[in-house]
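Everything below concerns the one structure shown next.
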Amino acid sequence: MTDRPIVVFGGSGFIGREIVRRLAVQGTEVRVAVRRPERVADADYGSGKIVAIGADVWRPETIEPAVAGCGAVVNTVGHYVAQGAKTFEAIHGRGAGDVARYSSQAGVQQLVHISGLGTDADSESPYVRARASGESQVRSAFPGATILRPSVVFGPGDAFFNRLASVAAPLVPLFGRGETRLQPVYVGDVAEAVARALETPAVAGQVVELGGPRVYPYKALVRMVLDQLGRRSAVIPVRFAVWRVLAQLLSVLPNPPLSPDQVTLMKQDNVVGDGALTFAALGIEPKFVEKILPTYVGRRSS
């Protein structure tokens, strides 16, 4: 790993915070590049030399000074909701490409780009198409970049299991029949994968797909959360057409809890592809949901 500073774009987010914590323990200076650097002072990053800097991937003029003098760059920026000028393409596409381009021009030695499983330039989802566009632009600007594609990421503070746990109702709706297959990956394992990627020359210029050790149908994960909470709620199938209407209605809110793209994503399996490089290429054995979930989703009396 480089002895020069490492900059983490999106370092105040759910995944970004864990990456910063993991990198900081090695003694290297970690720059947390975020839109609101004042928030970094309140974040719990543990020990290490951590410096907050202002930067925004959809404002190219802020990227160049952020990467200046760095040995490695990690881009974790991601949004599920497009708002105004902050379109999916502006953030996941051009934004990712600009980070890679300015990193290359600055002589940065290593780049790790966090994407996601299922990227597809022909997808009906603007979010997924933008992810694919971003990967393409990153490869073009920084051929030696390592692209990590995690499945659904979970852990304390996640937006997946915690949201399921917050649904305190006798009936819990499923996306469709709840048969979509997911391969949840622990946020700590994703952070470890970033650190190992910076130490593993063999994965430079490669795509590594990060999935947990087990594949689950969505309804099994819902029932797992209900069991953990000690609830006897019934799960009921809800057609995707109904979810799409609901997402459109909620889209007028400043921070909608559900977007049309999230509904589209829940129609598609999110699992590691056959023949892909995986955690094994980084010497990591990923953790099971069953081991981590009880540490932050508490059991309640029914």
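Naming works like this for the structure tokens: A, B, ... for the chains as they're shown, residue 1 at the start of each chain, ligands 1 onward in shown order.
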
I'd like a table as JSON lines: residues in range 48-133 of chain A with an atom no more than 12 Å from range 202-223 of chain A, each row giving the shortest atom pair and its distance in Å to one decimal, only C-alpha atoms counted, sorted by chain and rising residue number.
{"residue": "A:Gln109", "atom": "CA", "partner": "A:Ala204", "partner_atom": "CA", "distance": 10.5}
{"residue": "A:Gln110", "atom": "CA", "partner": "A:Ala204", "partner_atom": "CA", "distance": 8.0}
{"residue": "A:Leu111", "atom": "CA", "partner": "A:Ala204", "partner_atom": "CA", "distance": 8.5}
{"residue": "A:Val112", "atom": "CA", "partner": "A:Ala204", "partner_atom": "CA", "distance": 8.7}
{"residue": "A:His113", "atom": "CA", "partner": "A:Val207", "partner_atom": "CA", "distance": 9.5}
{"residue": "A:Ile114", "atom": "CA", "partner": "A:Val208", "partner_atom": "CA", "distance": 9.9}
{"residue": "A:Ser115", "atom": "CA", "partner": "A:Glu209", "partner_atom": "CA", "distance": 9.4}
{"residue": "A:Gly116", "atom": "CA", "partner": "A:Glu209", "partner_atom": "CA", "distance": 8.0}
{"residue": "A:Leu117", "atom": "CA", "partner": "A:Glu209", "partner_atom": "CA", "distance": 6.7}
{"residue": "A:Gly118", "atom": "CA", "partner": "A:Glu209", "partner_atom": "CA", "distance": 9.7}
{"residue": "A:Thr119", "atom": "CA", "partner": "A:Glu209", "partner_atom": "CA", "distance": 11.0}

Can you tell me which residues surround Pro294 in chain A at a distance of at most 12 Å, considering only C-alpha atoms, apart from same-chain residues fewer than 3 positions away, and format the answer as a tab-separated table (two decimals) with N, CA and C atoms, in the first residue's frame?
chain	number	residue	atom	x	y	z
A	155	GLY	N	-24.82	-4.14	7.39
A	155	GLY	CA	-24.03	-3.90	8.58
A	155	GLY	C	-24.69	-2.81	9.40
A	156	PRO	N	-24.17	-2.52	10.59
A	156	PRO	CA	-24.76	-1.46	11.42
A	156	PRO	C	-24.91	-0.16	10.64
A	161	PHE	N	-31.38	-4.02	5.93
A	161	PHE	CA	-31.99	-4.74	7.04
A	161	PHE	C	-32.63	-3.79	8.06
A	162	ASN	N	-32.02	-2.63	8.27
A	162	ASN	CA	-32.61	-1.68	9.22
A	162	ASN	C	-33.97	-1.19	8.75
A	165	ALA	N	-36.43	-3.90	9.39
A	165	ALA	CA	-36.72	-3.98	10.82
A	165	ALA	C	-37.66	-2.87	11.28
A	224	MET	N	-35.95	-13.66	8.05
A	224	MET	CA	-34.82	-13.68	8.96
A	224	MET	C	-34.88	-12.49	9.92
A	225	VAL	N	-35.21	-11.31	9.37
A	225	VAL	CA	-35.31	-10.11	10.19
A	225	VAL	C	-36.48	-10.25	11.17
A	226	LEU	N	-37.62	-10.74	10.69
A	226	LEU	CA	-38.78	-10.90	11.57
A	226	LEU	C	-38.46	-11.88	12.70
A	227	ASP	N	-37.77	-12.96	12.39
A	227	ASP	CA	-37.38	-13.92	13.43
A	227	ASP	C	-36.45	-13.27	14.44
A	228	GLN	N	-35.51	-12.47	13.95
A	228	GLN	CA	-34.57	-11.80	14.84
A	228	GLN	C	-35.29	-10.84	15.78
A	229	LEU	N	-36.37	-10.23	15.30
A	229	LEU	CA	-37.14	-9.28	16.10
A	229	LEU	C	-38.21	-9.97	16.93
A	230	GLY	N	-38.41	-11.27	16.71
A	230	GLY	CA	-39.44	-11.99	17.45
A	230	GLY	C	-40.85	-11.64	17.01
A	288	PHE	N	-21.15	-14.49	7.10
A	288	PHE	CA	-22.56	-14.82	6.88
A	288	PHE	C	-23.47	-13.76	7.51
A	289	VAL	N	-24.61	-13.54	6.86
A	289	VAL	CA	-25.62	-12.64	7.42
A	289	VAL	C	-26.01	-13.08	8.82
A	290	GLU	N	-26.17	-14.38	9.00
A	290	GLU	CA	-26.63	-14.92	10.29
A	290	GLU	C	-25.69	-14.59	11.44
A	291	LYS	N	-24.42	-14.35	11.13
A	291	LYS	CA	-23.46	-14.03	12.18
A	291	LYS	C	-23.49	-12.55	12.55
A	297	VAL	N	-29.46	-5.78	14.86
A	297	VAL	CA	-30.92	-5.85	14.79
A	297	VAL	C	-31.36	-6.68	15.99
A	298	GLY	N	-31.90	-6.00	17.02
A	298	GLY	CA	-32.20	-6.67	18.27
A	298	GLY	C	-33.50	-7.42	18.27
A	299	ARG	N	-33.57	-8.45	19.09
A	299	ARG	CA	-34.81	-9.23	19.23
A	299	ARG	C	-35.77	-8.49	20.14
A	300	ARG	N	-37.02	-8.43	19.72
A	300	ARG	CA	-38.06	-7.82	20.52
A	300	ARG	C	-39.11	-8.86	20.86

What lies within 10 Å of Asp158 in chain A using only C-alpha atoms, ignoring chain neighbours under 2 positions off, as an MDAnalysis selection string?
chainID A and resid 14:15 152:156 160:163 186:187 296

Convert the current residue selection to file output with all heavy atoms, as a compact mmCIF listing (two decimals), in the first residue's frame.
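So the final result, stored in again-v1.txt, reads:
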# COMPACT_ATOMS: atom_id res chain seq x y z
N PHE A 14 -22.21 5.30 4.24
CA PHE A 14 -22.24 4.02 4.95
C PHE A 14 -21.03 3.16 4.63
O PHE A 14 -20.33 2.68 5.52
CB PHE A 14 -23.55 3.30 4.59
CG PHE A 14 -23.61 1.86 5.03
CD1 PHE A 14 -23.46 1.53 6.37
CD2 PHE A 14 -23.82 0.85 4.11
CE1 PHE A 14 -23.52 0.20 6.78
CE2 PHE A 14 -23.87 -0.47 4.50
CZ PHE A 14 -23.72 -0.80 5.84
N ILE A 15 -20.75 2.96 3.35
CA ILE A 15 -19.59 2.16 2.95
C ILE A 15 -18.30 2.95 3.14
O ILE A 15 -17.29 2.43 3.62
CB ILE A 15 -19.72 1.69 1.49
CG1 ILE A 15 -20.97 0.82 1.32
CG2 ILE A 15 -18.48 0.93 1.05
CD1 ILE A 15 -21.24 0.42 -0.12
N VAL A 152 -25.84 -6.39 -2.32
CA VAL A 152 -26.46 -5.58 -1.27
C VAL A 152 -25.53 -5.56 -0.06
O VAL A 152 -25.15 -6.61 0.45
CB VAL A 152 -27.83 -6.16 -0.88
CG1 VAL A 152 -28.43 -5.36 0.28
CG2 VAL A 152 -28.76 -6.16 -2.06
N VAL A 153 -25.15 -4.37 0.39
CA VAL A 153 -24.19 -4.25 1.50
C VAL A 153 -24.96 -4.05 2.81
O VAL A 153 -25.85 -3.21 2.90
CB VAL A 153 -23.23 -3.07 1.26
CG1 VAL A 153 -22.19 -3.01 2.38
CG2 VAL A 153 -22.53 -3.21 -0.09
N PHE A 154 -24.58 -4.83 3.83
CA PHE A 154 -25.28 -4.75 5.11
C PHE A 154 -24.29 -4.55 6.25
O PHE A 154 -23.08 -4.76 6.10
CB PHE A 154 -26.11 -6.01 5.36
CG PHE A 154 -25.30 -7.25 5.68
CD1 PHE A 154 -25.02 -7.59 6.99
CD2 PHE A 154 -24.81 -8.06 4.67
CE1 PHE A 154 -24.28 -8.72 7.30
CE2 PHE A 154 -24.06 -9.20 4.95
CZ PHE A 154 -23.79 -9.53 6.28
N GLY A 155 -24.82 -4.14 7.39
CA GLY A 155 -24.03 -3.90 8.58
C GLY A 155 -24.69 -2.81 9.40
O GLY A 155 -25.69 -2.22 8.97
N PRO A 156 -24.17 -2.52 10.59
CA PRO A 156 -24.76 -1.46 11.42
C PRO A 156 -24.91 -0.16 10.64
O PRO A 156 -23.98 0.32 10.02
CB PRO A 156 -23.74 -1.32 12.56
CG PRO A 156 -23.08 -2.65 12.64
CD PRO A 156 -22.99 -3.15 11.23
N PHE A 160 -30.75 -1.47 4.37
CA PHE A 160 -31.47 -2.66 3.91
C PHE A 160 -32.16 -3.37 5.08
O PHE A 160 -33.37 -3.29 5.23
CB PHE A 160 -30.52 -3.61 3.19
CG PHE A 160 -31.21 -4.80 2.59
CD1 PHE A 160 -32.00 -4.67 1.47
CD2 PHE A 160 -31.07 -6.06 3.16
CE1 PHE A 160 -32.66 -5.77 0.92
CE2 PHE A 160 -31.71 -7.17 2.63
CZ PHE A 160 -32.50 -7.03 1.50
N PHE A 161 -31.38 -4.02 5.93
CA PHE A 161 -31.99 -4.74 7.04
C PHE A 161 -32.63 -3.79 8.06
O PHE A 161 -33.67 -4.10 8.64
CB PHE A 161 -30.96 -5.63 7.73
CG PHE A 161 -30.60 -6.86 6.95
CD1 PHE A 161 -29.30 -7.10 6.56
CD2 PHE A 161 -31.58 -7.77 6.58
CE1 PHE A 161 -28.97 -8.23 5.82
CE2 PHE A 161 -31.27 -8.91 5.85
CZ PHE A 161 -29.95 -9.14 5.47
N ASN A 162 -32.02 -2.63 8.27
CA ASN A 162 -32.61 -1.68 9.22
C ASN A 162 -33.97 -1.19 8.75
O ASN A 162 -34.88 -0.98 9.55
CB ASN A 162 -31.67 -0.50 9.44
CG ASN A 162 -30.58 -0.82 10.44
OD1 ASN A 162 -30.84 -1.23 11.56
ND2 ASN A 162 -29.34 -0.63 10.03
N ARG A 163 -34.11 -1.01 7.44
CA ARG A 163 -35.41 -0.59 6.91
C ARG A 163 -36.45 -1.68 7.07
O ARG A 163 -37.60 -1.43 7.41
CB ARG A 163 -35.28 -0.17 5.45
CG ARG A 163 -36.56 0.38 4.84
CD ARG A 163 -36.28 1.09 3.53
NE ARG A 163 -35.48 2.28 3.75
CZ ARG A 163 -34.96 3.02 2.76
NH1 ARG A 163 -35.15 2.65 1.50
NH2 ARG A 163 -34.25 4.10 3.02
N TYR A 186 -21.18 -8.16 3.83
CA TYR A 186 -20.93 -7.36 5.03
C TYR A 186 -20.04 -6.17 4.70
O TYR A 186 -19.03 -6.29 4.01
CB TYR A 186 -20.27 -8.25 6.08
CG TYR A 186 -19.86 -7.54 7.35
CD1 TYR A 186 -20.73 -6.68 8.02
CD2 TYR A 186 -18.59 -7.73 7.88
CE1 TYR A 186 -20.35 -6.04 9.17
CE2 TYR A 186 -18.20 -7.10 9.04
CZ TYR A 186 -19.08 -6.24 9.68
OH TYR A 186 -18.70 -5.60 10.83
N VAL A 187 -20.42 -4.99 5.22
CA VAL A 187 -19.69 -3.77 4.91
C VAL A 187 -18.22 -3.85 5.35
O VAL A 187 -17.34 -3.31 4.69
CB VAL A 187 -20.40 -2.54 5.56
CG1 VAL A 187 -20.35 -2.61 7.09
CG2 VAL A 187 -19.79 -1.23 5.06
N TYR A 296 -26.76 -6.03 15.43
CA TYR A 296 -27.33 -4.68 15.33
C TYR A 296 -28.85 -4.65 15.10
O TYR A 296 -29.46 -3.59 15.17
CB TYR A 296 -26.63 -3.87 14.24
CG TYR A 296 -26.84 -4.33 12.81
CD1 TYR A 296 -27.75 -3.68 11.98
CD2 TYR A 296 -26.08 -5.36 12.26
CE1 TYR A 296 -27.93 -4.07 10.67
CE2 TYR A 296 -26.24 -5.74 10.95
CZ TYR A 296 -27.16 -5.10 10.15
OH TYR A 296 -27.31 -5.50 8.84

Name all residues at most 10 Å from range 28-39 of chain A (count only C-alpha atoms; drop same-chain ones fewer than 5 positions away) and give them as JSON, numbers by chain.
{"A": [1, 2, 3, 4, 5, 6, 7, 8, 9, 10, 11, 12, 13, 16, 17, 19, 20, 21, 23, 48, 49, 50, 51, 52, 53, 54, 55, 56, 57, 59, 62, 63, 66, 67, 70, 72, 73, 74, 75, 77]}

Quick check for you: according to DSSP on this backbone, which residues of range 70-295 of chain A are classed as strand (DSSP E or B)? Reply as a ChimeraX atom specification.
/A:72-75,83,86,110-114,146-150,153-154,171-176,181-182,185-186,207-210,216-217,234-238,270,277

In range 11-48 of chain A, DSSP helix (DSSP H, G or I) residues written as a count of residues only:
17

Could you check how far CA of Glu199 in chain A sits from CA of Val138 in chain A, in Å to one decimal?
19.7 Å

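Reported to one decimal place, the separation of CA of Arg149 in chain A from CA of Ala276 in chain A is 10.5 Å.
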
Which residue gives the smallest distance to Val271 in chain A among A:Ser166, A:Ser251, A:Ser151, A:Thr200, with only C-alpha atoms counted?
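Answer, going by the shortest atom-to-atom distance: A:Ser151.
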
Which of A:Pro201, A:Arg181, A:Ala191, A:Val238 sits closest to Val272 in chain A [using only C-alpha atoms]
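Looking at the shortest contact to Val272 in chain A, the residue is A:Arg181.
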
Residue with smallest distance to Pro260 in chain A - pool A:Ala90, A:Ala193, A:Ala241, A:Val25, counting only C-alpha atoms:
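Going through A:Ala90, A:Ala193, A:Ala241, A:Val25 one by one, the smallest distance to Pro260 in chain A is for A:Ala241.
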